[in-house]
Every structure is written in structure tokens, then in C-alpha cells.
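**Student:** Please find start04.cif (mmCIF, C-alpha atoms) on the next line:
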data_final
loop_
_atom_site.label_atom_id
_atom_site.label_comp_id
_atom_site.auth_asym_id
_atom_site.auth_seq_id
_atom_site.Cartn_x
_atom_site.Cartn_y
_atom_site.Cartn_z
CA MET B 14 129.27 87.28 99.44
CA ASN B 15 128.59 90.70 97.98
CA THR B 16 125.77 92.31 96.00
CA LEU B 17 125.70 95.86 94.65
CA LEU B 18 122.73 98.22 94.27
CA VAL B 19 123.00 101.51 92.38
CA ALA B 20 119.92 103.67 92.86
CA ASN B 21 118.66 107.25 92.61
CA MET B 22 118.65 107.94 96.35
CA THR B 23 118.80 111.71 95.93
CA GLY B 24 117.65 114.08 93.20
CA ALA B 25 114.42 114.22 91.19
CA GLN B 26 113.66 110.48 91.45
CA SER B 27 114.76 110.02 95.06
CA ASP B 28 111.50 108.43 96.26
CA ASN B 29 112.35 105.51 94.00
CA GLY B 30 115.93 105.15 95.19
CA LYS B 31 115.10 105.44 98.88
CA ALA B 32 112.52 102.68 98.53
CA ALA B 33 115.05 100.56 96.65
CA VAL B 34 117.58 100.71 99.47
CA ILE B 35 114.99 100.03 102.19
CA ALA B 36 113.67 97.01 100.29
CA ALA B 37 117.04 95.57 99.31
CA SER B 38 118.30 95.90 102.89
CA ALA B 39 115.22 94.10 104.21
CA ALA B 40 115.60 91.36 101.61
CA VAL B 41 119.25 90.82 102.52
CA LYS B 42 118.31 90.49 106.19
CA SER B 43 115.54 88.03 105.31
CA VAL B 44 117.95 85.95 103.22
CA ASN B 45 120.64 85.97 105.90
CA ASP B 46 118.15 85.05 108.62
CA GLY B 47 117.18 82.07 106.47
CA GLY B 48 120.73 80.79 106.15
CA GLY B 49 122.21 83.10 103.54
CA VAL B 50 123.32 82.11 100.05
CA ASN B 51 124.94 78.68 99.95
CA GLY B 52 125.76 79.07 103.63
CA CYS B 53 127.36 82.49 103.24
CA GLN B 54 126.01 85.78 104.55
CA LEU B 55 125.00 88.28 101.88
CA VAL B 56 126.46 91.80 102.12
CA LEU B 57 124.78 94.75 100.37
CA THR B 58 126.72 97.74 99.02
CA THR B 59 124.73 100.77 97.81
CA LYS B 60 125.73 103.65 95.55
CA ASP B 61 123.75 106.83 94.83
CA ASP B 62 123.78 108.27 91.32
CA GLY B 63 121.79 111.32 92.43
CA SER B 64 119.21 110.81 89.64
CA ASP B 65 121.99 111.72 87.17
CA TYR B 66 122.07 108.64 84.99
CA THR B 67 125.34 109.55 83.31
CA LYS B 68 126.94 108.64 86.65
CA THR B 69 125.44 105.16 86.95
CA LEU B 70 127.94 103.27 84.80
CA PRO B 71 131.04 104.98 86.27
CA LEU B 72 129.77 104.17 89.77
CA VAL B 73 129.35 100.50 88.86
CA GLN B 74 132.78 100.37 87.20
CA SER B 75 134.44 101.99 90.21
CA ALA B 76 132.71 99.66 92.67
CA MET B 77 133.60 96.57 90.66
CA GLY B 78 137.19 97.74 90.38
CA SER B 79 137.66 97.30 94.11
CA GLN B 80 135.23 94.49 94.98
CA THR B 81 133.84 91.31 93.44
CA TYR B 82 130.04 91.16 93.31
CA SER B 83 127.92 88.07 92.72
CA MET B 84 124.99 90.20 91.56
CA VAL B 85 124.44 93.83 90.60
CA SER B 86 121.07 95.61 90.66
CA VAL B 87 120.43 98.98 89.03
CA ASN B 88 117.25 100.74 90.04
CA ASP B 89 116.85 103.55 87.56
CA TYR B 90 117.19 104.70 83.96
CA GLY B 91 120.93 104.04 84.12
CA THR B 92 120.24 100.33 83.74
CA ALA B 93 120.52 100.59 79.94
CA SER B 94 124.09 101.87 80.17
CA VAL B 95 125.19 99.36 82.80
CA VAL B 96 123.84 96.05 81.48
CA PRO B 97 126.12 95.82 78.39
CA TYR B 98 129.12 96.39 80.67
CA LEU B 99 127.94 93.69 83.10
CA THR B 100 127.43 91.35 80.16
CA ARG B 101 131.02 91.84 79.07
CA GLN B 102 132.15 91.20 82.65
CA LYS B 103 129.86 88.13 82.85
CA VAL B 104 128.20 89.45 86.01
CA LEU B 105 124.60 88.58 86.86
CA SER B 106 122.12 91.45 87.15
CA ILE B 107 118.53 91.26 88.40
CA SER B 108 116.98 94.72 88.16
CA SER B 109 113.67 96.51 87.61
CA ASN B 110 113.62 98.47 84.35
CA GLY B 111 111.08 97.36 81.73
CA THR B 112 113.06 97.77 78.49
CA ALA B 113 112.22 94.74 76.38
CA ALA B 114 115.34 94.93 74.18
CA LEU B 115 117.60 95.04 77.23
CA ALA B 116 116.33 91.67 78.44
CA ASP B 117 117.08 89.95 75.12
CA SER B 118 118.75 86.80 76.40
CA THR B 119 120.76 86.38 73.19
CA VAL B 120 122.39 89.77 73.80
CA ASN B 121 122.48 90.01 77.62
CA PRO B 122 122.35 86.43 78.93
CA TYR B 123 123.04 87.41 82.56
CA TYR B 124 120.38 90.11 82.87
CA PHE B 125 116.86 89.50 84.25
CA ASP B 126 114.13 92.11 84.68
CA THR B 127 111.67 92.05 87.59
CA VAL B 128 109.06 94.22 85.88
CA PRO B 129 107.03 93.57 82.72
CA PRO B 130 108.10 95.36 79.52
CA SER B 131 106.89 98.97 79.45
CA SER B 132 105.40 98.29 76.03
CA THR B 133 103.26 95.50 77.53
CA VAL B 134 101.95 97.85 80.22
CA SER B 135 101.23 100.50 77.57
CA LYS B 136 99.27 97.93 75.57
CA TYR B 137 97.08 97.06 78.54
CA VAL B 138 96.49 100.71 79.46
CA THR B 139 95.47 101.52 75.90
CA GLN B 140 93.18 98.49 75.69
CA TYR B 141 91.51 99.49 78.95
CA ALA B 142 91.02 103.07 77.79
CA ILE B 143 89.41 101.86 74.57
CA SER B 144 87.16 99.49 76.53
CA GLN B 145 85.94 102.55 78.45
CA GLY B 146 85.02 104.38 75.25
CA ALA B 147 88.18 106.30 74.33
CA LYS B 148 88.58 106.95 70.59
CA LYS B 149 91.33 109.56 70.41
CA LEU B 150 94.25 108.99 72.76
CA ALA B 151 97.24 111.12 73.68
CA VAL B 152 100.31 110.13 75.70
CA VAL B 153 102.98 111.96 77.65
CA THR B 154 106.14 110.04 78.46
CA ASP B 155 109.84 110.54 79.09
CA ASN B 156 112.49 110.99 76.40
CA SER B 157 114.14 107.60 77.01
CA THR B 158 113.95 104.41 74.97
CA LEU B 159 111.24 103.30 77.41
CA GLY B 160 109.17 106.29 76.35
CA THR B 161 109.73 105.62 72.67
CA ASP B 162 108.69 101.98 73.12
CA ALA B 163 105.57 103.10 75.00
CA ILE B 164 104.45 105.43 72.22
CA ALA B 165 104.89 102.69 69.61
CA ALA B 166 102.85 100.26 71.71
CA ASP B 167 100.11 102.85 72.33
CA LYS B 168 99.84 103.61 68.62
CA ALA B 169 99.71 99.98 67.49
CA THR B 170 97.22 98.97 70.18
CA ALA B 171 94.97 101.95 69.52
CA GLU B 172 94.81 101.22 65.80
CA ALA B 173 94.16 97.53 66.43
CA GLY B 174 91.28 98.49 68.71
CA GLY B 175 89.62 100.88 66.28
CA ALA B 176 90.94 104.03 67.97
CA SER B 177 93.89 106.28 67.23
CA LEU B 178 96.85 107.88 68.97
CA VAL B 179 96.42 111.52 67.98
CA ALA B 180 99.30 113.07 69.92
CA SER B 181 102.40 112.20 71.93
CA VAL B 182 104.91 114.29 73.85
CA GLN B 183 108.23 113.17 75.33
CA VAL B 184 109.69 115.27 78.14
CA ASP B 185 113.00 115.30 79.97
CA ALA B 186 113.05 113.87 83.49
CA THR B 187 114.13 117.27 84.83
CA THR B 188 111.12 119.13 83.38
CA ILE B 189 109.23 121.20 85.96
CA ASN B 190 106.85 123.23 83.80
CA MET B 191 104.51 120.78 82.06
CA THR B 192 102.14 123.45 80.71
CA PRO B 193 103.57 123.28 77.14
CA ALA B 194 103.14 119.51 77.10
CA VAL B 195 99.56 119.81 78.39
CA GLN B 196 98.72 122.45 75.79
CA SER B 197 100.20 120.39 72.96
CA LEU B 198 98.16 117.34 73.90
CA SER B 199 94.95 119.27 74.55
CA ASN B 200 95.16 120.89 71.11
CA SER B 201 95.00 117.42 69.54
CA GLY B 202 91.37 116.88 70.47
CA ALA B 203 92.16 113.75 72.46
CA ASP B 204 89.41 112.36 74.69
CA ALA B 205 91.86 110.42 76.91
CA VAL B 206 95.44 110.98 77.99
CA ILE B 207 97.89 108.30 79.13
CA ILE B 208 100.41 109.53 81.69
CA ASP B 209 103.62 107.51 81.40
CA LEU B 210 105.89 109.48 83.76
CA TYR B 211 107.54 108.65 87.07
CA GLY B 212 108.25 110.68 90.19
CA GLN B 213 108.27 114.47 90.26
CA PRO B 214 107.64 114.86 86.49
CA ALA B 215 104.45 112.80 86.90
CA GLY B 216 103.33 115.07 89.74
CA TYR B 217 104.10 118.20 87.73
CA PHE B 218 102.12 116.94 84.74
CA VAL B 219 99.07 115.96 86.81
CA ARG B 220 99.23 119.33 88.57
CA ASP B 221 99.47 121.38 85.35
CA LEU B 222 96.84 119.25 83.62
CA LYS B 223 94.34 120.01 86.36
CA ALA B 224 95.28 123.70 86.37
CA SER B 225 94.69 123.89 82.61
CA GLY B 226 91.01 123.07 82.97
CA TRP B 227 91.25 120.42 80.25
CA ASN B 228 88.53 117.94 81.18
CA VAL B 229 90.01 114.75 79.77
CA THR B 230 89.87 111.18 81.06
CA ARG B 231 93.22 110.23 82.60
CA TYR B 232 95.01 106.90 82.58
CA GLY B 233 98.43 105.89 83.88
CA THR B 234 101.11 103.30 83.30
CA SER B 235 103.26 101.51 85.86
CA SER B 236 105.52 104.59 86.05
CA LEU B 237 102.66 106.67 87.41
CA PHE B 238 101.45 103.67 89.40
CA ALA B 239 104.80 103.44 91.20
CA THR B 240 104.99 107.17 91.94
CA ASN B 241 104.26 108.27 95.49
CA LEU B 242 101.72 110.86 94.36
CA ASP B 243 100.63 111.53 97.94
CA SER B 244 103.99 113.18 98.63
CA LEU B 245 103.62 115.46 95.60
CA LEU B 246 99.96 116.44 95.28
CA PRO B 247 96.64 116.70 97.13
CA VAL B 248 94.64 113.50 96.67
CA SER B 249 91.95 115.50 94.84
CA ASP B 250 94.42 116.25 92.03
CA TYR B 251 95.01 112.63 91.03
CA GLU B 252 91.98 110.81 92.41
CA GLY B 253 90.19 108.80 89.75
CA ILE B 254 93.11 108.13 87.40
CA VAL B 255 92.95 104.48 86.35
CA ALA B 256 96.44 103.03 86.13
CA VAL B 257 97.83 99.67 85.11
CA GLY B 258 100.74 98.60 87.26
CA PRO B 259 102.38 95.79 89.21
CA THR B 260 99.91 93.79 91.27
CA PRO B 261 102.10 94.13 94.43
CA GLY B 262 100.91 97.72 94.75
CA THR B 263 97.26 96.69 95.05
CA ALA B 264 95.09 95.24 97.79
CA PRO B 265 94.62 92.60 98.97
CA ALA B 266 98.38 92.25 99.39
CA LEU B 267 100.25 89.35 97.87
CA TYR B 268 101.75 86.95 100.41
CA GLY B 269 105.28 88.06 99.59
CA VAL B 270 104.37 91.73 99.99
CA SER B 271 102.95 91.13 103.46
CA ALA B 272 106.14 89.31 104.51
CA MET B 273 108.28 92.12 103.08
CA GLN B 274 106.34 94.81 104.90
CA THR B 275 106.61 92.91 108.17
CA GLN B 276 110.38 92.70 107.71
CA ILE B 277 110.71 96.41 106.86
CA LYS B 278 108.59 97.46 109.83
CA ALA B 279 110.66 95.27 112.14
CA ASP B 280 113.75 97.07 110.86
CA GLY B 281 112.16 100.44 111.60
CA GLY B 282 111.62 101.38 107.96
CA ASP B 283 108.61 102.83 106.12
CA ALA B 284 106.81 99.88 104.54
CA THR B 285 103.87 101.82 103.10
CA THR B 286 105.51 104.39 100.82
CA SER B 287 105.95 103.30 97.19
CA VAL B 288 105.07 99.66 97.84
CA THR B 289 105.52 98.90 94.14
CA GLY B 290 109.09 100.18 94.25
CA LEU B 291 109.73 98.30 97.47
CA ALA B 292 108.40 95.05 96.02
CA GLN B 293 110.48 95.23 92.85
CA ASN B 294 113.75 95.79 94.66
CA TYR B 295 112.99 93.25 97.35
CA ALA B 296 112.37 90.70 94.60
CA ASP B 297 115.78 91.36 93.01
CA ILE B 298 117.54 89.98 96.10
CA ILE B 299 115.02 87.24 96.84
CA LEU B 300 115.23 85.86 93.30
CA PHE B 301 119.03 85.92 93.31
CA ALA B 302 119.27 84.08 96.62
CA TRP B 303 116.62 81.54 95.59
CA ALA B 304 118.31 80.78 92.27
CA ALA B 305 121.84 80.71 93.68
CA ASN B 306 120.78 78.31 96.43
CA GLY B 307 118.92 76.20 93.90
CA ALA B 308 121.91 76.08 91.57
CA HIS B 309 124.32 75.53 94.52
CA SER B 310 126.48 78.17 92.89
CA THR B 311 126.88 81.94 92.45
CA ASP B 312 128.44 81.58 89.01
CA SER B 313 126.48 83.90 86.71
CA ALA B 314 125.90 81.28 84.04
CA ALA B 315 124.73 78.69 86.56
CA VAL B 316 122.31 81.09 88.29
CA ALA B 317 120.99 82.35 84.94
CA LYS B 318 120.38 78.78 83.79
CA TYR B 319 118.49 77.99 87.00
CA LEU B 320 116.26 81.06 86.55
CA GLU B 321 115.55 80.06 82.95
CA GLU B 322 114.72 76.46 83.80
CA HIS B 323 112.52 77.22 86.82
CA GLY B 324 110.30 80.01 85.52
CA THR B 325 107.13 78.12 86.43
CA ASP B 326 108.26 77.22 89.96
CA LYS B 327 106.75 79.09 92.89
CA VAL B 328 109.31 81.34 94.53
CA PRO B 329 108.94 81.70 98.32
CA ASN B 330 108.42 85.33 99.38
CA ASP B 331 108.51 86.63 95.79
CA THR B 332 106.86 90.04 95.98
CA ILE B 333 106.04 90.27 92.26
CA ALA B 334 104.07 87.10 91.53
CA GLU B 335 104.11 83.42 92.48
CA THR B 336 106.39 82.58 89.55
CA THR B 337 108.71 84.54 87.24
CA GLY B 338 107.87 83.38 83.73
CA TYR B 339 111.56 83.35 82.82
CA THR B 340 112.73 81.01 80.07
CA ALA B 341 115.87 80.66 77.97
CA SER B 342 114.36 83.11 75.47
CA ASN B 343 112.58 85.40 77.94
CA HIS B 344 114.27 87.33 80.75
CA GLN B 345 111.34 89.69 81.32
CA MET B 346 108.88 89.30 84.19
CA THR B 347 105.83 87.90 82.37
CA ALA B 348 104.31 85.67 85.01
CA PRO B 349 100.51 85.39 85.32
CA GLY B 350 99.04 87.90 87.73
CA THR B 351 101.92 90.37 87.44
CA LEU B 352 99.80 93.35 86.38
CA SER B 353 96.53 94.82 87.65
CA THR B 354 94.35 97.89 87.19
CA ALA B 355 93.65 100.19 90.11
CA THR B 356 92.09 103.61 90.63
CA GLU B 357 94.45 106.23 92.00
CA GLY B 358 93.41 107.93 95.22
CA ALA B 359 93.87 107.55 98.94
CA MET B 360 95.76 104.36 99.78
CA ASP B 361 94.85 101.97 102.55
CA SER B 362 96.81 101.65 105.80
CA GLU B 363 99.37 99.40 104.11
CA GLY B 364 100.03 101.80 101.23
CA LEU B 365 98.03 99.82 98.68
CA LEU B 366 95.36 100.81 96.15
CA PRO B 367 92.14 98.80 95.83
CA ARG B 368 92.55 96.35 92.95
CA ILE B 369 90.04 96.57 90.10
CA THR B 370 91.13 93.50 88.22
CA VAL B 371 94.16 91.44 87.24
CA VAL B 372 94.73 92.18 83.57
CA ASN B 373 97.06 89.40 82.46
#
Give the structure from this file in C-alpha cells form.

**Tutor:**
Amino acid sequence: MNTLLVANMTGAQSDNGKAAVIAASAAVKSVNDGGGVNGCQLVLTTKDDGSDYTKTLPLVQSAMGSQTYSMVSVNDYGTASVVPYLTRQKVLSISSNGTAALADSTVNPYYFDTVPPSSTVSKYVTQYAISQGAKKLAVVTDNSTLGTDAIAADKATAEAGGASLVASVQVDATTINMTPAVQSLSNSGADAVIIDLYGQPAGYFVRDLKASGWNVTRYGTSSLFATNLDSLLPVSDYEGIVAVGPTPGTAPALYGVSAMQTQIKADGGDATTSVTGLAQNYADIILFAWAANGAHSTDSAAVAKYLEEHGTDKVPNDTIAETTGYTASNHQMTAPGTLSTATEGAMDSEGLLPRITVVN
């Protein structure tokens, strides 16, 4: 039985893709050690799009042209281009993306997301900033639909909370010089900035923000939360940023996270770098195997129906939360306890940040 993972294993977002492969491989081993999927061993195929998301769909099409896959995961911005194709092919996909419209079950009935909508995370970040006294907020994000959704959520939440979004900048994922973006936001008079960037762009922005001397309170979304900032910057550059992100990246570790890290370490992999990214991609495989075994089938419609009907069931070794929150009308990860706040800085020995509070 075959499953496919397309990830950004090289290029600007390679930290994300490398973690995806490590986690998916560990999850497959865990599933197979436990008896496999309906008695069959699960085989993982990986493809690297090199952080060039125009290549993601062609890679999936090529792979599916020569092999049948029971489930396809896409671990990057290319998800948006792949899911409509998978829908037409009636192939199940469990991936981590965060685009609310993509997980519309009436449009893409075989797609399930393992992360909360980016707009939900943006709402919580904005609410937290306002609770800490922010009145004029600015946001920097990427130039994808995720970024556009984030800006809309920031603006609506700020206005509802008696504050305002005074500036927003969207940058390309290949941007290295963030000084123009910093200057644009600083000229707005904002008293807080929300950093909604992932990987190297996030590091470049934090670096150039500090170099600018602009003394503004910094907040981050799950994109920043999932970035391995330690590999990009001195701790002193990002220490103190309060970010809202997936609870798996915070301490104390969830039960599923501990089991995942034990498995990865046993396989000789790095279980402490980008724990959030590890957890999301581990969950993709775990959820598929759990639902397929529960449905006694790998048919996409049967597995999708099982996920919809068992959204309040506890999933053994789920690294995201105890349950999924999936329903027939909701294919986004909205389970209680999914998101938490944490202060960026030095991580503990397991690669986790101290948890401030669970926000949902």
C-alpha cells in the first residue's frame, strides 16, 4: 500500500521539508510495526519540489501516472495547486496547509488539513496583542492566499477589539532584503507588529527589524512558530516574541509528540528540530492509518466518511491534539487544545518552547 509525500526538502523552505520526511518516515514505521493498514505494510514515496511550488503539481501528476497511491500529502505552499487535481482523481489527501477555503468539504471532499486555518491563528494573535495593550497593529506576511486571509482576519479582529490594523506588507518567499518592508511598517506608527512568515524570510525579517532600531512589540503566527529560528539567528534576535502556534511545539509535550520523538530518535533522526513541523507531518500518516483501519478500507470516500464521523474520538498517538474536530462540513483541524501561546527563545532539550496558555 503506497502513500506519497511531496515536500520542500531543498531550497528556501528546506527546514520544513526535511522535517516532513523525517516525521512521515517515522510514522510509517510506527504504523507498520503496529500491523500496517488493514494488514498491509505502508510504503512511503517522497518527492522534492525544491521550494519551487510551480513544480509541486507536475511532480504529483508524474508520480500518480506510474503508481497508485492510497493517500497523498503535500507539505508546502503547493498544496493549493494539488488538491483540486486530487479531488478530480478522487484521491484522499491529509496535509498541513491552513487555507480555510481549500478544506471546504463541498468542494474538496477528500482533503483534510492537520493545521488550524491561518485566519484562525491570526485572530488569536491579534486578540492576544490587543489584550497586552496594542492599539495600532501592523502585519508582514507572504504574498499567497494564506497571507491575504491573514491580513483580512487581523483587520477584522483588530476593529472588533477596539484597535486598528494600520499597515500590512506582503512579500515573496524568496525575499532576502526585508529592510523596505520594515521601513514601510515602521512609518505607519504601529505599536505592535505581527510576523506571519515562515523559514528564511521570517529570519530575514526579524534580523532586519532588529537592525532598524524600531522598538516595537513583536508577535508571531504559526508560520513563525514553526520556523527553526535557532538555525537562522542568534537567540537574542528573536527572544521575547510571543507567538501563537500548534500546541505540539510547546512544553510539556503532548503524549503523541513524546511517542513520535522516541520513534525518530530510535531511527537515528533529529527529533528536536522543528517539532511543530514534525508533528504535523507525523499526524498526516497516523490519521490516515487510523481512519483506514477503522473504515476497513482505503477507498477515499470510505476513509473520508470515517474521519468526518469520528471527529470527537481520541486518536492514538495523534501529535496534534487528542481529537481532530473533523465533521462532514469541517475538514480543518479545529480540535480543542490545538493552539497555544509561547514566548520565543531558547528551546528545552526536546526542542519545545515553554507554553504560556492554551488559547482555544

**Student:** Could you tell me which residues the PyMOL selection byres ((chain B and resi 184-189) around 8) grabs in this file, written as an NGL selection string?

**Tutor:** :B and (25 or 153-156 or 182-183 or 190-191 or 194 or 214 or 217)

**Student:** Report, in Å with one decimal, the straight-line distance from atom CA of B:His323 to atom CA of B:Gly350.

**Tutor:**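 Atom-to-atom, atom CA of B:His323 to atom CA of B:Gly350, that is 17.2 Å.
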
**Student:** Given the file above and the PyMOL selection byres ((chain B and resi 20) around 8), which residues are selected, and can you give them as a VMD selection string?

**Tutor:** chain B and resid 18 to 19 21 to 22 29 to 31 33 to 34 59 to 64 87 to 89

**Student:** Specify as a PyMOL selection string each residue included when the PyMOL selection byres ((chain B and resi 262-277) around 9) is applied to this file.

**Tutor:** chain B and resi 35-36+38-40+42-43+238-239+258-261+278-285+287-292+295+329-335+353-355+361+363-369

**Student:** Taking (105.9, 108.7, 91.1) in the file's own coordinates, collect the residues within 9 Å, counting only C-alpha atoms, and hand them back as a PDB file with C-alpha atoms, in the coordinates of the input.

**Tutor:**
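Result file point-v6.pdb:
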ATOM      1  CA  GLN B  26     113.660 110.480  91.450  1.00  0.00           C
ATOM      2  CA  ASP B  28     111.500 108.430  96.260  1.00  0.00           C
ATOM      3  CA  ASN B  29     112.350 105.510  94.000  1.00  0.00           C
ATOM      4  CA  LEU B 210     105.890 109.480  83.760  1.00  0.00           C
ATOM      5  CA  TYR B 211     107.540 108.650  87.070  1.00  0.00           C
ATOM      6  CA  GLY B 212     108.250 110.680  90.190  1.00  0.00           C
ATOM      7  CA  GLN B 213     108.270 114.470  90.260  1.00  0.00           C
ATOM      8  CA  PRO B 214     107.640 114.860  86.490  1.00  0.00           C
ATOM      9  CA  ALA B 215     104.450 112.800  86.900  1.00  0.00           C
ATOM     10  CA  GLY B 216     103.330 115.070  89.740  1.00  0.00           C
ATOM     11  CA  SER B 236     105.520 104.590  86.050  1.00  0.00           C
ATOM     12  CA  LEU B 237     102.660 106.670  87.410  1.00  0.00           C
ATOM     13  CA  PHE B 238     101.450 103.670  89.400  1.00  0.00           C
ATOM     14  CA  ALA B 239     104.800 103.440  91.200  1.00  0.00           C
ATOM     15  CA  THR B 240     104.990 107.170  91.940  1.00  0.00           C
ATOM     16  CA  ASN B 241     104.260 108.270  95.490  1.00  0.00           C
ATOM     17  CA  LEU B 242     101.720 110.860  94.360  1.00  0.00           C
ATOM     18  CA  SER B 244     103.990 113.180  98.630  1.00  0.00           C
ATOM     19  CA  LEU B 245     103.620 115.460  95.600  1.00  0.00           C
ATOM     20  CA  SER B 287     105.950 103.300  97.190  1.00  0.00           C
TER      21      SER B 287
END

**Student:** List as number ranges by chain the protein and nucleic acid residues near B:Ala173, meaning an atom at most 12 Å away when all atoms listed in the file are counted, but skip any in the same chain fewer than 6 places from it.

**Tutor:** B: 136, 139-140, 143, 148, 166-167

**Student:** Please measure the separation of atom CA of B:Leu57 and atom CA of B:Asp126, giving the value in Å to one decimal.

**Tutor:**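 One can read the atom CA of B:Leu57 to atom CA of B:Asp126 distance as 19.1 Å.
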
**Student:** Considering only C-alpha atoms, state which residue in the set B:Leu17, B:Ala116, B:Ala169, B:Leu99 is at the smallest distance from B:Tyr82.

**Tutor:** B:Leu17

**Student:** Let me make sure I understand: among B:Thr58, B:Ser225, B:Ser235, B:Thr340, which one has the smallest atom-to-atom distance to B:Thr192 if we use all atoms listed in the file?

**Tutor:**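 Among the listed residues, B:Ser225 lies closest to B:Thr192.
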
**Student:** Pick the closest to B:Pro129 from B:Val257, B:Ala151, B:Ile298, B:Leu222: which is it, counting all atoms listed in the file?

**Tutor:** B:Val257

**Student:** As an exercise, work out the distance from atom CA of B:Gly78 to atom CA of B:Gln102 in Å and give it to one decimal place.

**Tutor:**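 Going from atom CA of B:Gly78 over to atom CA of B:Gln102 covers 11.3 Å.
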
**Student:** Which residue gives the smallest distance to B:Val41 among B:Asn15, B:Asn121, B:Ser201, B:Ser144, with all atoms listed in the file counted?

**Tutor:**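 Using all atoms listed in the file, the shortest distance to B:Val41 belongs to B:Asn15.
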
**Student:** If you count all atoms listed in the file, which residues fall within 9 Å of B:Val219, apart from same-chain ones fewer than 5 positions away, as a PyMOL selection string?

**Tutor:** chain B and resi 191+208+214+224+246+250-251

**Student:** For each of B:Thr336, B:Asp312, B:Ala296, B:Ser249, take the minimum atom-to-atom distance to B:Gly358, counting all atoms listed in the file, then give the residue where this is smallest.

**Tutor:**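 Ranked by minimum distance to B:Gly358, first place goes to B:Ser249.
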
**Student:** With distances taken over all atoms listed in the file, which of B:Thr356, B:Thr286, B:Asn306, B:Ser79 is nearest to B:Gly253?

**Tutor:**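 Of the candidates, the smallest distance to B:Gly253 is held by B:Thr356.
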
**Student:** What's around B:Ala165 at 12 Å? Count only C-alpha atoms, leave out sequence neighbours fewer than 6 positions away in its own chain, and write the answer as a PDB file with C-alpha atoms, in the frame of the given file.

**Tutor:**
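Output below, filename around27.pdb:
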ATOM      1  CA  SER B 131     106.890  98.970  79.450  1.00  0.00           C
ATOM      2  CA  SER B 132     105.400  98.290  76.030  1.00  0.00           C
ATOM      3  CA  THR B 133     103.260  95.500  77.530  1.00  0.00           C
ATOM      4  CA  SER B 135     101.230 100.500  77.570  1.00  0.00           C
ATOM      5  CA  LYS B 136      99.270  97.930  75.570  1.00  0.00           C
ATOM      6  CA  THR B 139      95.470 101.520  75.900  1.00  0.00           C
ATOM      7  CA  VAL B 152     100.310 110.130  75.700  1.00  0.00           C
ATOM      8  CA  THR B 154     106.140 110.040  78.460  1.00  0.00           C
ATOM      9  CA  THR B 158     113.950 104.410  74.970  1.00  0.00           C
ATOM     10  CA  LEU B 159     111.240 103.300  77.410  1.00  0.00           C
ATOM     11  CA  ALA B 171      94.970 101.950  69.520  1.00  0.00           C
ATOM     12  CA  GLU B 172      94.810 101.220  65.800  1.00  0.00           C
ATOM     13  CA  SER B 177      93.890 106.280  67.230  1.00  0.00           C
ATOM     14  CA  LEU B 178      96.850 107.880  68.970  1.00  0.00           C
ATOM     15  CA  ALA B 180      99.300 113.070  69.920  1.00  0.00           C
ATOM     16  CA  SER B 181     102.400 112.200  71.930  1.00  0.00           C
TER      17      SER B 181
END
